[in-house]
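Text of input.cif (mmCIF, C-alpha atoms) as supplied:
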```
data_start
#
loop_
_atom_site.label_atom_id
_atom_site.label_comp_id
_atom_site.auth_asym_id
_atom_site.auth_seq_id
_atom_site.Cartn_x
_atom_site.Cartn_y
_atom_site.Cartn_z
CA MET A 1 0.00 0.00 0.00
CA HIS A 2 1.24 3.38 -1.00
CA GLU A 3 1.78 6.08 1.46
CA HIS A 4 -0.97 8.31 0.11
CA GLU A 5 -3.40 5.42 0.23
CA LEU A 6 -2.58 4.78 3.84
CA GLU A 7 -3.08 8.47 4.62
CA GLN A 8 -6.46 8.42 2.90
CA LEU A 9 -7.45 5.35 4.91
CA ILE A 10 -6.56 7.03 8.19
CA LYS A 11 -8.57 10.19 7.32
CA GLU A 12 -11.61 8.12 6.43
CA THR A 13 -11.34 6.07 9.62
CA VAL A 14 -11.06 9.24 11.73
CA ALA A 15 -13.96 10.81 9.89
CA GLN A 16 -16.09 7.72 10.54
CA HIS A 17 -15.25 7.81 14.28
CA ALA A 18 -15.90 11.52 14.42
CA ALA A 19 -19.27 11.07 12.84
CA ALA A 20 -20.06 8.27 15.26
CA TYR A 21 -19.32 10.53 18.29
CA GLN A 22 -20.66 13.80 16.79
CA ASP A 23 -23.49 14.09 19.31
CA ARG A 24 -21.02 13.74 22.16
CA ILE A 25 -18.61 16.39 20.86
CA THR A 26 -21.19 19.07 20.01
CA ASP A 27 -21.48 21.72 22.78
CA LEU A 28 -19.09 19.70 24.87
CA GLU A 29 -17.58 22.86 26.51
CA TYR A 30 -21.01 24.20 27.44
CA ARG A 31 -22.04 20.91 28.91
CA VAL A 32 -18.84 20.72 30.93
CA VAL A 33 -19.48 24.20 32.36
CA ASP A 34 -23.11 23.37 33.10
CA ALA A 35 -22.05 20.21 34.86
CA LEU A 36 -19.84 22.14 37.28
CA PRO A 37 -21.40 22.68 40.75
CA ASP A 38 -22.65 26.18 41.57
CA ARG A 39 -20.09 28.13 43.58
CA PRO A 40 -20.12 31.76 44.69
CA MET A 41 -17.88 33.99 42.79
CA VAL A 42 -14.80 34.67 44.83
CA VAL A 43 -13.08 37.95 44.19
CA GLU A 44 -9.66 38.44 45.73
CA GLN A 45 -10.10 41.49 48.03
CA GLN A 46 -7.34 43.55 49.58
CA PRO A 47 -7.94 44.25 53.30
CA VAL A 48 -9.15 47.89 53.70
CA TRP A 49 -7.90 48.83 57.15
CA PRO A 50 -4.17 48.85 56.42
CA MET A 51 -4.84 51.31 53.64
CA ARG A 52 -6.88 53.54 55.93
CA LEU A 53 -4.27 53.29 58.64
CA ALA A 54 -1.59 54.24 56.18
CA LEU A 55 -3.63 57.22 55.00
CA ALA A 56 -4.31 58.36 58.57
CA THR A 57 -0.64 58.03 59.50
CA ALA A 58 0.34 59.98 56.41
CA ALA A 59 -2.14 62.71 57.30
CA ILE A 60 -0.83 62.95 60.86
CA LEU A 61 2.75 63.02 59.68
CA LEU A 62 1.90 65.73 57.16
CA PHE A 63 0.17 67.73 59.90
CA LEU A 64 3.09 67.44 62.31
CA GLY A 65 5.56 68.03 59.54
CA GLY A 66 3.70 71.18 58.61
CA PHE A 67 4.01 72.41 62.17
CA TRP A 68 7.70 71.60 62.27
CA LEU A 69 8.30 73.17 58.90
CA GLY A 70 6.27 76.20 59.85
CA GLY A 71 8.27 76.59 63.03
CA THR A 72 11.54 76.15 61.19
CA LEU A 73 10.75 78.47 58.34
CA SER A 74 8.91 81.13 60.35
CA ASP A 75 10.61 84.21 61.70
CA GLY A 76 10.68 82.80 65.26
CA PRO A 77 8.58 83.66 68.30
CA PRO A 78 5.77 86.20 67.83
CA CYS A 79 7.65 89.03 69.54
CA ALA A 80 5.64 91.66 67.68
CA ASP A 81 2.55 90.43 69.49
CA PRO A 82 1.93 92.80 72.43
CA TYR A 83 0.89 89.79 74.50
CA VAL A 84 4.36 88.26 74.16
CA LEU A 85 7.49 89.23 76.09
CA CYS A 86 10.79 88.30 74.45
CA LEU A 87 14.42 88.31 75.45
CA VAL A 88 17.40 87.57 73.25
CA TYR A 89 19.84 85.55 75.33
CA PRO A 90 21.45 82.82 73.25
CA ASN A 91 23.80 81.51 75.91
CA ALA A 92 21.24 81.08 78.68
CA LYS A 93 20.30 77.65 79.90
CA SER A 94 17.04 78.88 81.40
CA VAL A 95 15.10 82.15 81.51
CA SER A 96 12.11 82.94 83.72
CA LEU A 97 9.71 85.87 83.84
CA VAL A 98 9.57 87.32 87.34
CA GLY A 99 7.50 90.30 88.41
CA GLN A 100 4.25 91.71 89.59
CA LEU A 101 2.58 89.80 86.78
CA THR A 102 3.61 86.55 88.43
CA GLN A 103 3.47 87.64 92.09
CA TRP A 104 7.27 87.51 91.85
CA GLU A 105 7.25 83.81 91.18
CA ARG A 106 9.45 82.42 88.45
CA HIS A 107 7.55 81.50 85.31
CA PRO A 108 9.82 79.63 82.86
CA MET A 109 9.93 81.08 79.37
CA ASN A 110 9.85 79.16 76.10
CA GLY A 111 12.99 78.89 74.05
CA PRO A 112 15.53 79.48 72.94
CA ASP A 113 14.72 79.41 69.26
CA ARG A 114 17.50 79.20 66.68
CA ASN A 115 18.17 82.94 67.16
CA GLY A 116 18.51 82.60 70.91
CA ILE A 117 15.14 84.21 71.62
CA TRP A 118 13.20 83.30 74.76
CA TRP A 119 9.54 84.22 74.97
CA ILE A 120 6.45 84.00 77.12
CA ARG A 121 2.83 84.81 76.43
CA LEU A 122 0.97 87.16 78.77
CA PRO A 123 -2.50 86.25 80.01
CA ARG A 124 -5.28 87.44 77.74
CA ASP A 125 -7.22 88.86 80.69
CA LEU A 126 -4.40 91.12 81.86
CA GLU A 127 -5.85 94.08 83.76
CA PRO A 128 -4.80 97.59 82.67
CA GLY A 129 -2.00 99.02 84.80
CA ARG A 130 1.75 99.25 85.38
CA TYR A 131 3.62 96.04 86.05
CA GLU A 132 7.26 95.80 87.13
CA TYR A 133 9.11 92.76 85.92
CA GLY A 134 12.41 91.35 84.78
CA PHE A 135 14.01 88.16 83.58
CA MET A 136 15.90 85.71 85.75
CA VAL A 137 18.58 84.14 83.62
CA ASP A 138 20.15 80.86 84.72
CA GLU A 139 18.41 81.04 88.12
CA TYR A 140 20.27 84.04 89.56
CA HIS A 141 21.13 86.63 86.93
CA TRP A 142 18.61 89.53 86.86
CA VAL A 143 18.16 91.06 83.41
CA HIS A 144 15.85 93.90 82.43
CA ASP A 145 13.81 93.92 79.26
CA PRO A 146 15.53 96.22 76.74
CA ARG A 147 12.23 96.51 74.85
CA ALA A 148 10.36 97.93 77.85
CA ARG A 149 8.95 101.43 77.63
CA GLU A 150 9.89 102.40 81.19
CA PHE A 151 12.36 101.32 83.83
CA VAL A 152 12.60 101.85 87.56
CA HIS A 153 15.55 101.49 89.88
CA THR A 154 14.75 98.95 92.49
CA PHE A 155 16.13 98.69 96.00
CA ASP A 156 18.82 96.19 95.22
CA ASN A 157 20.42 98.56 92.69
CA LYS A 158 19.04 96.59 89.80
CA ILE A 159 16.59 97.77 87.18
CA ASN A 160 13.02 96.60 86.83
CA SER A 161 11.30 96.90 83.49
CA VAL A 162 7.80 98.34 83.48
CA LEU A 163 5.00 96.96 81.37
CA ILE A 164 2.28 99.54 80.80
CA TRP A 165 -0.92 97.80 79.86
CA PRO A 166 -2.59 98.24 77.49
CA PRO A 167 0.31 99.44 75.35
CA SER A 168 -0.12 102.55 73.27
CA GLN A 169 -0.04 102.06 69.53
CA GLY A 170 3.48 101.57 68.28
CA ASP A 171 4.88 100.72 71.69
CA ALA A 172 6.82 97.60 72.36
CA PRO A 173 5.12 95.59 75.08
CA MET B 1 -38.68 58.45 90.58
CA ARG B 2 -35.91 58.87 88.07
CA TYR B 3 -36.28 62.67 88.10
CA LEU B 4 -36.19 62.65 91.89
CA LEU B 5 -32.97 60.67 91.88
CA MET B 6 -31.41 63.02 89.34
CA SER B 7 -32.43 66.05 91.39
CA VAL B 8 -30.87 64.57 94.50
CA LEU B 9 -27.67 63.83 92.61
CA ILE B 10 -27.49 67.36 91.21
CA VAL B 11 -28.05 68.92 94.63
CA TRP B 12 -25.40 66.64 96.12
CA PHE B 13 -22.95 67.55 93.35
CA LEU B 14 -23.51 71.31 93.79
CA SER B 15 -23.16 71.07 97.56
CA ALA B 16 -19.95 69.09 97.26
CA SER B 17 -18.55 71.61 94.77
CA ALA B 18 -19.42 74.55 97.03
CA LEU B 19 -17.83 72.78 100.00
CA ALA B 20 -14.70 72.03 98.00
CA LEU B 21 -14.42 75.68 96.94
CA ARG B 22 -14.96 76.82 100.49
CA THR B 23 -12.34 74.52 101.90
CA GLU B 24 -9.80 75.77 99.35
CA GLN B 25 -10.21 79.38 100.52
CA VAL B 26 -7.41 80.60 102.75
CA THR B 27 -8.57 81.71 106.19
CA PRO B 28 -6.88 83.99 108.73
CA GLN B 29 -6.26 80.86 110.82
CA ASP B 30 -4.13 79.45 107.99
CA VAL B 31 -2.05 82.63 108.11
CA TYR B 32 -1.61 82.49 111.89
CA THR B 33 -0.61 78.84 111.66
CA CYS B 34 2.08 79.87 109.20
CA PHE B 35 3.23 82.64 111.60
CA ARG B 36 3.56 80.02 114.33
CA THR B 37 5.74 77.80 112.15
CA LEU B 38 8.13 80.74 111.78
CA ASN B 39 8.57 80.76 115.58
CA VAL B 40 8.10 84.52 115.72
CA SER B 41 8.80 86.19 119.05
CA ASP B 42 5.67 88.34 119.17
CA LEU B 43 2.96 86.23 117.62
CA GLN B 44 0.15 88.16 119.31
CA PHE B 45 1.26 91.45 117.76
CA LEU B 46 1.22 89.92 114.29
CA ILE B 47 -2.18 88.32 114.85
CA ASN B 48 -3.66 91.61 116.07
CA ALA B 49 -2.16 93.61 113.21
CA TYR B 50 -3.08 91.21 110.42
CA ASP B 51 -6.51 90.62 111.89
CA LYS B 52 -7.14 94.35 111.58
CA GLY B 53 -5.76 94.24 108.04
CA PHE B 54 -8.14 91.44 107.09
CA LYS B 55 -11.11 93.24 108.65
CA ASP B 56 -10.17 96.54 106.99
CA ARG B 57 -9.68 94.66 103.69
CA ARG B 58 -6.21 96.07 103.22
CA ILE B 59 -4.72 92.61 102.81
CA THR B 60 -6.24 89.23 102.01
CA PRO B 61 -5.43 86.04 103.91
CA GLN B 62 -4.20 84.59 100.61
CA THR B 63 -1.66 87.39 100.15
CA ALA B 64 -0.52 87.20 103.76
CA LEU B 65 -0.13 83.44 103.52
CA THR B 66 1.88 83.73 100.30
CA LEU B 67 4.23 86.20 102.02
CA CYS B 68 4.56 84.02 105.10
CA GLN B 69 5.27 80.92 103.04
CA ARG B 70 7.93 82.69 101.00
CA LEU B 71 9.52 83.92 104.21
CA ALA B 72 9.41 80.39 105.57
CA GLN B 73 11.50 79.28 102.59
CA SER B 74 14.17 81.87 103.39
CA ALA B 75 17.25 80.73 105.23
CA ALA B 76 17.59 84.07 107.05
CA PRO B 77 17.42 84.27 110.86
CA ILE B 78 13.93 84.33 112.33
CA PRO B 79 14.11 87.94 113.65
CA LEU B 80 14.76 89.19 110.12
CA ARG B 81 11.90 87.17 108.70
CA GLU B 82 9.65 88.40 111.48
CA GLY B 83 10.83 91.95 110.77
CA VAL B 84 9.26 91.88 107.32
CA LEU B 85 5.92 90.73 108.74
CA ARG B 86 6.22 93.27 111.53
CA VAL B 87 6.74 96.31 109.27
CA ILE B 88 3.71 95.35 107.25
CA GLY B 89 1.80 94.69 110.47
CA LEU B 90 2.66 98.18 111.72
CA ALA B 91 1.42 99.64 108.45
CA LEU B 92 -1.85 97.76 108.85
CA LEU B 93 -2.28 99.10 112.39
CA GLU B 94 -1.62 102.61 111.07
CA GLU B 95 -4.28 102.02 108.41
CA LEU B 96 -1.84 102.41 105.54
CA PRO B 97 -2.16 100.52 102.28
CA VAL B 98 0.29 97.63 102.20
CA THR B 99 0.14 96.50 98.56
CA MET B 100 3.47 98.14 97.72
CA LEU B 101 5.14 96.79 100.87
CA VAL B 102 4.03 93.21 100.23
CA ASP B 103 5.04 93.58 96.61
CA LYS B 104 8.52 94.81 97.50
CA ALA B 105 8.99 92.06 100.08
CA LEU B 106 8.06 89.40 97.53
CA GLU B 107 10.33 91.03 94.95
CA GLY B 108 13.27 91.05 97.32
CA LEU B 109 12.72 87.43 98.30
CA ALA B 110 12.41 86.40 94.64
CA LYS B 111 15.72 88.08 93.83
CA GLY B 112 17.48 86.69 96.86
CA VAL B 113 18.05 90.13 98.39
CA ALA B 114 19.31 90.10 101.98
CA LEU B 115 16.45 90.41 104.45
CA GLU B 116 18.15 93.36 106.19
CA ALA B 117 17.95 95.26 102.91
CA ILE B 118 14.34 94.22 102.41
CA ASN B 119 13.46 95.41 105.91
CA ASP B 120 15.18 98.77 105.35
CA GLU B 121 13.33 99.13 102.08
CA LEU B 122 9.99 98.44 103.69
CA VAL B 123 10.60 100.89 106.52
CA GLN B 124 11.49 103.65 104.05
CA ARG B 125 8.53 103.00 101.82
CA LYS B 126 6.18 102.76 104.78
CA ALA B 127 7.31 106.26 105.79
CA THR B 128 6.56 107.54 102.30
CA LEU B 129 3.11 105.97 102.38
CA GLY B 130 2.46 107.67 105.71
CA GLU B 131 3.51 111.06 104.35
CA VAL B 132 1.33 110.74 101.27
CA LYS B 133 -1.61 109.69 103.39
CA ALA B 134 -1.08 112.70 105.67
CA LEU B 135 -0.83 115.01 102.66
CA PHE B 136 -4.05 113.64 101.23
CA ALA B 137 -5.77 113.91 104.59
CA SER B 138 -4.70 117.55 104.82
CA LYS B 139 -6.49 118.09 101.51
CA GLY B 140 -9.60 116.31 102.71
CA ILE B 141 -8.96 113.23 100.58
CA ARG B 142 -10.21 110.36 102.71
CA ILE B 143 -12.63 107.47 102.61
CA SER B 144 -16.31 108.35 102.15
CA LEU B 145 -15.49 111.87 101.06
CA THR B 146 -17.81 113.05 98.34
CA ILE B 147 -15.94 114.97 95.70
CA ARG B 148 -17.83 117.43 93.56
CA PHE B 149 -15.47 118.23 90.76
CA GLY B 150 -16.99 120.12 87.87
CA THR B 151 -20.12 118.25 86.96
CA ALA B 152 -18.87 114.95 88.43
CA THR B 153 -19.64 113.68 91.90
CA LEU B 154 -17.69 110.88 93.48
CA GLU B 155 -17.79 109.19 96.87
CA LEU B 156 -14.34 107.87 97.65
CA THR B 157 -13.93 104.23 98.56
CA LEU B 158 -11.16 102.70 100.64
CA GLU B 159 -9.86 100.98 97.53
CA ALA B 160 -9.66 104.25 95.59
CA VAL B 161 -7.94 106.19 98.37
CA ASP B 162 -5.52 103.39 99.25
CA THR B 163 -4.60 102.86 95.62
CA ALA B 164 -4.04 106.57 95.12
CA ILE B 165 -1.77 106.69 98.18
CA THR B 166 0.14 103.64 96.92
CA GLU B 167 0.62 104.95 93.39
CA ALA B 168 1.69 108.41 94.57
CA ALA B 169 4.20 106.91 97.00
CA ARG B 170 5.47 104.53 94.33
CA ALA B 171 5.87 107.42 91.89
CA LEU B 172 7.90 109.43 94.41
CA GLU B 173 10.12 106.45 95.27
CA ASP B 174 10.73 105.60 91.62
CA TYR B 175 11.43 109.23 90.74
CA VAL B 176 14.02 109.68 93.47
CA ARG B 177 15.64 106.27 93.05
CA GLY B 178 15.87 106.91 89.31
CA GLY B 179 18.23 109.79 90.08
CA GLN B 180 16.01 112.45 88.57
CA LYS B 181 16.14 116.13 89.54
CA LEU B 182 14.66 116.89 92.94
CA GLU B 183 14.43 120.58 92.15
CA ASP B 184 12.15 119.97 89.17
CA ALA B 185 8.85 120.13 91.06
CA ALA B 186 6.79 120.15 87.87
CA ALA B 187 8.40 116.92 86.70
CA ILE B 188 7.75 115.31 90.10
CA LYS B 189 4.12 116.29 90.01
CA ALA B 190 3.79 115.10 86.39
CA THR B 191 5.27 111.74 87.38
CA VAL B 192 2.82 111.35 90.26
CA GLN B 193 -0.13 112.28 88.06
CA ARG B 194 1.02 109.82 85.39
CA TYR B 195 1.19 106.98 87.92
CA LEU B 196 -2.24 107.89 89.28
CA SER B 197 -3.72 107.99 85.78
CA SER B 198 -2.34 104.60 84.83
CA ASN B 199 -4.21 102.74 87.58
CA ARG B 200 -7.78 101.92 86.64
CA LEU B 201 -8.74 101.55 90.34
CA ILE B 202 -8.33 105.29 90.80
CA PRO B 203 -11.30 107.18 89.36
CA ALA B 204 -10.40 109.88 86.87
CA THR B 205 -12.31 112.37 89.01
CA LEU B 206 -10.01 111.67 91.93
CA VAL B 207 -6.93 112.01 89.73
CA SER B 208 -8.17 115.40 88.57
CA PHE B 209 -9.02 116.41 92.11
CA ILE B 210 -5.53 115.53 93.35
CA ASP B 211 -4.04 117.43 90.45
CA GLN B 212 -6.02 120.48 91.53
CA VAL B 213 -5.49 120.39 95.28
CA VAL B 214 -1.89 119.12 95.65
CA SER B 215 0.76 121.52 94.42
CA ALA B 216 4.03 120.64 92.71
CA ALA B 217 5.92 122.09 95.66
CA GLU B 218 4.15 119.74 98.06
CA TRP B 219 5.07 116.71 95.94
CA ALA B 220 8.63 118.03 95.67
CA GLN B 221 8.86 118.23 99.45
CA LEU B 222 7.82 114.60 99.79
CA ALA B 223 10.35 113.62 97.13
CA GLN B 224 13.02 115.43 99.09
CA ASN B 225 12.02 113.47 102.19
CA VAL B 226 12.38 110.23 100.24
CA ALA B 227 15.84 111.29 99.15
CA ASN B 228 16.81 112.16 102.71
CA ARG B 229 15.72 108.75 103.96
CA LEU B 230 17.67 107.01 101.21
CA LYS B 231 20.86 108.88 102.18
CA LYS B 232 20.73 107.54 105.71
#
```

Could you rewrite the structure in this file as structure tokens?
Amino acid sequence: MHEHELEQLIKETVAQHAAAYQDRITDLEYRVVDALPDRPMVVEQQPVWPMRLALATAAILLFLGGFWLGGTLSDGPPCADPYVLCLVYPNAKSVSLVGQLTQWERHPMNGPDRNGIWWIRLPRDLEPGRYEYGFMVDEYHWVHDPRAREFVHTFDNKINSVLIWPPSQGDAP
Amino acid sequence: MRYLLMSVLIVWFLSASALALRTEQVTPQDVYTCFRTLNVSDLQFLINAYDKGFKDRRITPQTALTLCQRLAQSAAPIPLREGVLRVIGLALLEELPVTMLVDKALEGLAKGVALEAINDELVQRKATLGEVKALFASKGIRISLTIRFGTATLELTLEAVDTAITEAARALEDYVRGGQKLEDAAAIKATVQRYLSSNRLIPATLVSFIDQVVSAAEWAQLAQNVANRLKK
């Protein structure tokens, strides 16, 4: 038998078998799918809370960073505010406000900032009047406020600054 | 029933709050207890003097206790600590305002000034207060006086008179200690008037009245007296 005859024989045989099983082959893929048991569709979900946590953390960090950046880039303490007393003393380890405003108790001041400025905010409900005060630097060193409008000589030969409240326009506090 | 229970609870809460506030208030007894802890030699004098001060409302128990407690923290000998309380006690008996004296004592203690110096300071300033009070009295400026100044009428209170005495004395002390000219009577008077004007407890009518009835020469004389005391 020649090769082409053999090939023809095989094709015919396959065709006969295919015809015999035609009903089984038709729509086979649909039947397979239909035969599968019903299952809920499972979608792979990413957990939500880590994302929210990450967003919240980022927001907090941005907020705090803004504060830090603002503080770093700003011009320092609000010394132009009449409710704030300031003293430039870069080498001090501590500075306190002492005076009639504090019943002569030491009230620690904030600072120093990068320019060596110490500051403290006065109470918003400060009564009008004259208040003698000064700054106690490093626990024992009495320093007057060079920005004060008035000064008085006190009994221990040191100078008290005088805060006149409310300040006139254009006055330093 | 529920409303009744809530009402009882609210009343209980308010009563407890009021009691708590009351117990936090400093009493004269607290002050005298502090005096005792200082082991002062003449406790009865201090009690009598400060009791009068409390009754006259020239000093509060809170202020007196603060002063006593600060003195208790001082390492100075007891007689010196008692001396501070005594000068202020004498001022209270003489019906002088003591705000400036207490203030100066607290200032000295805060700065670590020697108690001898604080006592000297208080004695000098007490004398100035006495002179200002006498000057005012000679002009009829005293408690319950009704001032008719222009169209304004004002009945003077203890607070107004005491504050005026204090501010005038403070002005004289500051003027002299600042090394300013004693012969410049106008400047002395202007300084006193400025101090009086800057204290909101002194009515403007009283400030104007003082300006009218007390001459520059009279203020200059008191300033000279301050200077004389400081030289001693």

Work out where the centre of an axis-aligned box around every listed atom of stretch 104-119 of chain A lies and how long its edges are once 3 Å is added on each side; give both in Å to one decimal as JSON.
```
{"center_x": 12.9, "center_y": 83.2, "center_z": 79.3, "size_x": 17.3, "size_y": 14.6, "size_z": 31.2}
```

Can you work out the spacing between atom CA of B:Val214 and atom CA of B:Ser138 in Å, to one decimal? 9.7 Å

So which residues touch stretch 206-211 of chain B within 8 Å, counting only C-alpha atoms, skipping near sequence neighbours fewer than 4 positions away, as an MDAnalysis selection string? chainID B and resid 147 149 154 193 196:197 202 215

Could the residues of chain B within 9 Å of chain A, counting all atoms listed in the file, be given as a PDB file with C-alpha atoms, in the coordinates of the input, please?
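The file below, out_37.pdb, is the result:
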```pdb
ATOM      1  CA  ASP B 103       5.040  93.580  96.610  1.00  0.00           C
ATOM      2  CA  LYS B 104       8.520  94.810  97.500  1.00  0.00           C
ATOM      3  CA  LEU B 106       8.060  89.400  97.530  1.00  0.00           C
ATOM      4  CA  GLU B 107      10.330  91.030  94.950  1.00  0.00           C
ATOM      5  CA  GLY B 108      13.270  91.050  97.320  1.00  0.00           C
ATOM      6  CA  LEU B 109      12.720  87.430  98.300  1.00  0.00           C
ATOM      7  CA  ALA B 110      12.410  86.400  94.640  1.00  0.00           C
ATOM      8  CA  LYS B 111      15.720  88.080  93.830  1.00  0.00           C
ATOM      9  CA  GLY B 112      17.480  86.690  96.860  1.00  0.00           C
ATOM     10  CA  VAL B 113      18.050  90.130  98.390  1.00  0.00           C
ATOM     11  CA  ALA B 117      17.950  95.260 102.910  1.00  0.00           C
ATOM     12  CA  ILE B 118      14.340  94.220 102.410  1.00  0.00           C
ATOM     13  CA  GLU B 121      13.330  99.130 102.080  1.00  0.00           C
ATOM     14  CA  ASP B 174      10.730 105.600  91.620  1.00  0.00           C
ATOM     15  CA  TYR B 175      11.430 109.230  90.740  1.00  0.00           C
ATOM     16  CA  ARG B 177      15.640 106.270  93.050  1.00  0.00           C
ATOM     17  CA  GLY B 178      15.870 106.910  89.310  1.00  0.00           C
ATOM     18  CA  GLY B 179      18.230 109.790  90.080  1.00  0.00           C
ATOM     19  CA  TYR B 195       1.190 106.980  87.920  1.00  0.00           C
ATOM     20  CA  SER B 198      -2.340 104.600  84.830  1.00  0.00           C
ATOM     21  CA  ASN B 199      -4.210 102.740  87.580  1.00  0.00           C
ATOM     22  CA  ARG B 200      -7.780 101.920  86.640  1.00  0.00           C
TER      23      ARG B 200
END
```

Excluding stretch 46-56 of chain B and any residue of its chain fewer than 4 positions from it, enumerate the residues within 7 Å of it, using all atoms listed in the file, and give them as an MDAnalysis selection string. chainID B and resid 32 42 60:61 86 89:90 92:93
